[in-house]
Amino acid sequence: MNNEQWIMDNERASQRTWQLSVVHYPLSIYFNRMKKLIFILLLCAGNSFAQDTIRLTLQDAIHLAVEKSIDAKIAKNQLLAAYWQYRSYRRELLPQLTFSGTLPEYSRSLNMYQNEDGSYKYINSDYNRFNGGLSLTQNIPWTGATLSASTSYERLQQYNNSAPLQHKTTPVAISLEQPILGFNNFKWLLKTEPLRYSAAQKQAVVDQEEVALTVIGHYFGLLSEEINLEITRQNMSNAQRLYTIAEARHRMGLVPNVELMQMRSALLSAEIALTDGQFSLDNRMFNLRSFLGLKDGTVIIPFMPEFVADSVPQFSFGEVLEQAQKNNPFTENLRRSLIEADRDVSQARANRWSMSLYANFGMSGQDANLRSAYNANRWENDQSASIGIRVPILDWGKGKGQVKMAEANREITHAQVEKQNLDFTQNIYLMVQNFNSQPRQLELAKYMDEMAQQRYKSSVELYVLEKIDVLNLTDSEKAKDQARRSYINEVLLLWQYYYQLRALTLYDFIARQPIALLYEVEN
């Protein structure tokens with residue numbers, strides 16, 4: 001039999017494959033094919049509804065994730081909590097107006113009373129009392145003092161005697177509480193709280209970039225499974241064709257039974273890989289759809305993304321480090337850690353002894369007539385002043401130990417900050433090296449992918465012509481699949497390295513500007 005006649009017989013045998021599949025293949029293979037056909041029909045039907053199919057680029061997926069993903073919502077609320085914490089701190093520096101009072105108080109009871117001769121007796125007390133006052137308080141953060149001005153009014157009416165209705169007024173009273181040797185917490189808050197809120201704002205941008213990194217992983221996971229399913233379909237088609245050829249050769253006595261069984265095993269493996277590939281694709285589709293907050297049943301069609309610039313740039317370590325130190329919240333968090341360590345030492349020292357000044361000055365009046373109680377001619381001075389001091393006489397070195405412990409913790413903090421700075425710098429260096437070397441890695445992976453595809457195509461042709469065995473064919477197929485997957489992984493690494501550098505520096509090196517937060521905190 002010449003080659004032309006043999007090829008024509010193979011073509012006719014190939015056309016009879018589906019009719020003979022139930023006879024030659026196990027029922028499991030037949031049912032797997034039917035499931036594949038049903039899935040294709042369902043997919044085509046789903047694509048007919050535009051609202052259920054989304055053609056999504058990587059950049060579109062990133063913007064959608066920043067707007068709707070659960071991670072983005074968590075980041076927004078974390079920034080919102082930091083905003084209200086900072087706003088509450090700022091309100092502590094503003095005057096506070098407070099009303100307090102009893103509206104009203106009624107009491108009827110027997111109370112013990114001491115006579116002039118030293119004896120006691122019980123008297124009946126029956127009265128109605130009303131009082132209220134306004135107080136305006138201002139904290140002075142530079143000295144730690146609290147200055148307040150107040151006004152108050154009290155009304156007393158007794159029911160068990162002929163005592164007249166009484167009114168007591170305090171038109172104005174001013175008081176001051178000034179720590180002299182105590183701990184001034186407001187002074188330290190002025191240093192730490194602006195740093196805390198600034199770091200929280202920058203952390204929100206970091207979280208935004210982390211969301212982008214997460215969606216990049218999900219997007220490429222779906223894209224790789226799409227390509228993997230395409231590979232398995234191609235392998236399935238080739239396995240069917242080659243098995244048909246091998247079966248025809250076996251009937252002619254040109255192929256041993258062992259080789260035919262190998263081709264049959266390859267066909268079964270291709271069937272299994274196709275089923276597994278479809279399951280993995282559905283799983284990846286669900287992960288991306290869930291992360292983006294899309295409705296169930298939405299079919300996402302991904303695309304192989306091009307890089308954000310026409311050519312991949314080379315980054316300078318010095319420039320990246322400068323932007324990271326300038327923009328990353330890591331730097332402000334370290335500064336705040338050092339300030340808080342100094343604050344703890346100051347507090348430990350202040351707690352050993354303290355001295356405070358209390359002063360109060362006001363004018364009060366009282367009369368049965370309300371107008372007379374407010375008459376300035378009837379006012380009386382109501383003033384006081386005192387200095388409180390607390391000095392331990394015998395504490396067995398407790399206060400000194402607390403100071404030494406705070407100083408030791410401060411030294412630990414300084415050492416930790418130094419190490420974290422070194423680790424941060426090293427991490428940036430490695431990220432720059434990884435990104436700068438990635439274009440070459442991607443170029444090599446693309447070249448290897450093209451070579452593996454050509455080798456496999458040639459291997460199939462050579463196997464048809466009986467110039468290589470099934471082992472070499474299988475090896476070229478595995479190399480083809482691995483090269484394609486490696487290429488997709490190298491594209492993924494390029495995007496991941498780029499967004500990791502963005503998250504470290506909060507700087508867009510393509511647009512040459514700081515990265516802006518894509519949402520605002522509602523006041």
# chains A, B, ... in the order shown; residues from 1 in each chain; ligands from 1
>>> select_by_dssp(residues="segment 355-463 of chain A", states="strand (DSSP E)", output="count of residues only")
24
>>> residues_around(residues="segment 210-215 of chain A", least_positions_apart="5", cutoff="10 Å", atoms="only C-alpha atoms", output="list in words")
Leu58, Gln59, Ala61, Ile62, His63, Leu64, Ala65, Val66, Ser69, Ile70, Asp71, Ala72, Ala75, Ala204, Val205, Phe220, Gly221, Asn287, Leu288, Phe291, Leu292, Trp495, Gln496, Tyr497, Tyr498, Tyr499, Gln500, Arg502 and Ala503 of chain A
>>> closest_residue(among="A:Leu518, A:Leu422, A:Leu242, A:Ala173", to="Ala359 of chain A", atoms="only C-alpha atoms")
A:Ala173
>>> closest_residue(among="A:Ala415, A:Ile216, A:Ile389, A:Ala199", to="Gln78 of chain A", atoms="only C-alpha atoms")
A:Ala199
>>> select_by_dssp(residues="segment 329-505 of chain A", states="alpha helix (DSSP H)", output="PyMOL selection string")
chain A and resi 329-350+370-373+398-464+470-505
>>> residues_around(residues="Asp469 of chain A", least_positions_apart="4", cutoff="12 Å", atoms="only C-alpha atoms", output="compact mmCIF listing (two decimals) with all heavy atoms, in the first residue's frame")
# COMPACT_ATOMS: atom_id res chain seq x y z
N LEU A 242 -4.61 11.05 16.35
CA LEU A 242 -3.47 10.12 16.38
C LEU A 242 -3.91 8.71 16.77
O LEU A 242 -3.36 7.72 16.29
CB LEU A 242 -2.41 10.63 17.34
CG LEU A 242 -1.74 11.95 16.92
CD1 LEU A 242 -0.78 12.43 18.00
CD2 LEU A 242 -0.98 11.77 15.60
N ALA A 246 -3.26 5.42 14.71
CA ALA A 246 -2.60 4.26 15.32
C ALA A 246 -3.48 3.02 15.23
O ALA A 246 -3.00 1.90 15.03
CB ALA A 246 -2.26 4.57 16.78
N VAL A 255 1.62 -1.29 13.78
CA VAL A 255 1.80 -0.74 15.12
C VAL A 255 1.58 -1.86 16.13
O VAL A 255 0.54 -2.55 16.06
CB VAL A 255 0.81 0.42 15.38
CG1 VAL A 255 0.86 0.85 16.85
CG2 VAL A 255 1.13 1.60 14.48
N PRO A 256 2.53 -2.04 17.07
CA PRO A 256 2.34 -3.09 18.08
C PRO A 256 1.21 -2.72 19.03
O PRO A 256 0.82 -1.57 19.16
CB PRO A 256 3.69 -3.17 18.79
CG PRO A 256 4.29 -1.83 18.59
CD PRO A 256 3.83 -1.38 17.22
N VAL A 258 1.28 -2.63 22.21
CA VAL A 258 1.74 -1.76 23.29
C VAL A 258 1.61 -0.29 22.91
O VAL A 258 1.15 0.55 23.69
CB VAL A 258 3.20 -2.10 23.67
CG1 VAL A 258 3.73 -1.10 24.69
CG2 VAL A 258 3.29 -3.50 24.24
N GLU A 259 2.02 0.04 21.70
CA GLU A 259 1.94 1.43 21.26
C GLU A 259 0.49 1.88 21.12
O GLU A 259 0.15 3.02 21.45
CB GLU A 259 2.67 1.60 19.94
CG GLU A 259 2.69 3.05 19.44
CD GLU A 259 3.58 3.24 18.23
OE1 GLU A 259 4.52 2.44 18.04
OE2 GLU A 259 3.33 4.20 17.49
N LEU A 260 -0.38 0.96 20.66
CA LEU A 260 -1.79 1.31 20.56
C LEU A 260 -2.37 1.59 21.94
O LEU A 260 -3.15 2.54 22.11
CB LEU A 260 -2.57 0.17 19.90
CG LEU A 260 -4.08 0.41 19.74
CD1 LEU A 260 -4.33 1.59 18.80
CD2 LEU A 260 -4.78 -0.84 19.23
N GLN A 262 -0.70 2.71 24.46
CA GLN A 262 -0.15 4.01 24.88
C GLN A 262 -0.97 5.16 24.28
O GLN A 262 -1.27 6.15 24.96
CB GLN A 262 1.31 4.13 24.46
CG GLN A 262 2.26 3.25 25.26
CD GLN A 262 3.68 3.35 24.74
OE1 GLN A 262 3.92 3.67 23.57
NE2 GLN A 262 4.64 3.05 25.61
N MET A 263 -1.34 5.02 23.02
CA MET A 263 -2.15 6.07 22.39
C MET A 263 -3.54 6.12 23.01
O MET A 263 -4.12 7.20 23.18
CB MET A 263 -2.26 5.81 20.89
CG MET A 263 -0.93 5.87 20.16
SD MET A 263 -0.08 7.45 20.38
CE MET A 263 -1.22 8.55 19.57
N SER A 459 6.61 17.27 15.52
CA SER A 459 6.57 15.92 16.08
C SER A 459 5.32 15.19 15.63
O SER A 459 5.36 13.97 15.35
CB SER A 459 6.62 15.98 17.60
OG SER A 459 7.84 16.54 18.04
N VAL A 460 4.19 15.88 15.58
CA VAL A 460 2.96 15.24 15.10
C VAL A 460 3.11 14.80 13.65
O VAL A 460 2.73 13.67 13.27
CB VAL A 460 1.77 16.21 15.26
CG1 VAL A 460 0.52 15.65 14.58
CG2 VAL A 460 1.49 16.49 16.73
N GLU A 461 3.69 15.67 12.83
CA GLU A 461 3.88 15.31 11.42
C GLU A 461 4.84 14.14 11.28
O GLU A 461 4.62 13.23 10.46
CB GLU A 461 4.40 16.53 10.65
CG GLU A 461 3.39 17.68 10.59
CD GLU A 461 3.98 18.92 9.95
OE1 GLU A 461 5.20 18.91 9.66
OE2 GLU A 461 3.23 19.91 9.75
N LEU A 462 5.90 14.14 12.09
CA LEU A 462 6.86 13.04 12.02
C LEU A 462 6.26 11.74 12.52
O LEU A 462 6.58 10.66 11.99
CB LEU A 462 8.11 13.39 12.84
CG LEU A 462 8.99 14.51 12.28
CD1 LEU A 462 10.10 14.86 13.25
CD2 LEU A 462 9.58 14.10 10.93
N TYR A 463 5.39 11.83 13.52
CA TYR A 463 4.76 10.60 14.00
C TYR A 463 3.82 10.02 12.94
O TYR A 463 3.75 8.80 12.76
CB TYR A 463 3.98 10.88 15.29
CG TYR A 463 3.28 9.65 15.82
CD1 TYR A 463 3.98 8.68 16.54
CD2 TYR A 463 1.92 9.45 15.57
CE1 TYR A 463 3.33 7.54 17.00
CE2 TYR A 463 1.27 8.32 16.03
CZ TYR A 463 1.98 7.36 16.75
OH TYR A 463 1.35 6.23 17.20
N VAL A 464 3.11 10.90 12.24
CA VAL A 464 2.24 10.43 11.16
C VAL A 464 3.05 9.73 10.09
O VAL A 464 2.62 8.72 9.50
CB VAL A 464 1.43 11.61 10.58
CG1 VAL A 464 0.68 11.20 9.33
CG2 VAL A 464 0.46 12.16 11.61
N LEU A 465 4.25 10.25 9.86
CA LEU A 465 5.13 9.65 8.85
C LEU A 465 5.98 8.51 9.41
O LEU A 465 6.87 8.01 8.72
CB LEU A 465 6.05 10.73 8.26
CG LEU A 465 5.33 11.87 7.52
CD1 LEU A 465 6.33 12.93 7.07
CD2 LEU A 465 4.55 11.33 6.32
N LEU A 473 6.77 11.88 20.90
CA LEU A 473 5.60 12.71 20.67
C LEU A 473 5.03 13.22 21.99
O LEU A 473 4.69 14.41 22.13
CB LEU A 473 4.54 11.92 19.90
CG LEU A 473 3.21 12.64 19.65
CD1 LEU A 473 3.42 13.86 18.77
CD2 LEU A 473 2.20 11.68 19.02
N THR A 474 4.92 12.33 22.96
CA THR A 474 4.39 12.72 24.27
C THR A 474 5.29 13.74 24.94
O THR A 474 4.82 14.70 25.57
CB THR A 474 4.23 11.48 25.17
OG1 THR A 474 3.38 10.54 24.51
CG2 THR A 474 3.62 11.86 26.51
N ASP A 475 6.59 13.55 24.83
CA ASP A 475 7.53 14.50 25.44
C ASP A 475 7.40 15.89 24.82
O ASP A 475 7.42 16.90 25.54
CB ASP A 475 8.96 13.97 25.25
CG ASP A 475 9.99 14.90 25.87
OD1 ASP A 475 10.01 15.02 27.12
OD2 ASP A 475 10.75 15.53 25.12
N SER A 476 7.24 15.96 23.51
CA SER A 476 7.10 17.27 22.86
C SER A 476 5.77 17.93 23.25
O SER A 476 5.69 19.15 23.38
CB SER A 476 7.18 17.11 21.34
OG SER A 476 6.08 16.36 20.85
>>> residues_around(residues="segment 129-143 of chain A", least_positions_apart="4", cutoff="10 Å", atoms="only C-alpha atoms", output="number ranges by chain")
A: 92-107, 147-158, 166-180, 183-190
>>> closest_residue(among="A:Met236, A:Val320, A:Met304, A:Val417", to="Ser337 of chain A", atoms="only C-alpha atoms")
A:Val417
>>> residues_around(residues="Leu494 of chain A", least_positions_apart="4", cutoff="8 Å", atoms="only C-alpha atoms", output="JSON, numbers by chain")
{"A": [435, 438, 439, 490, 498]}
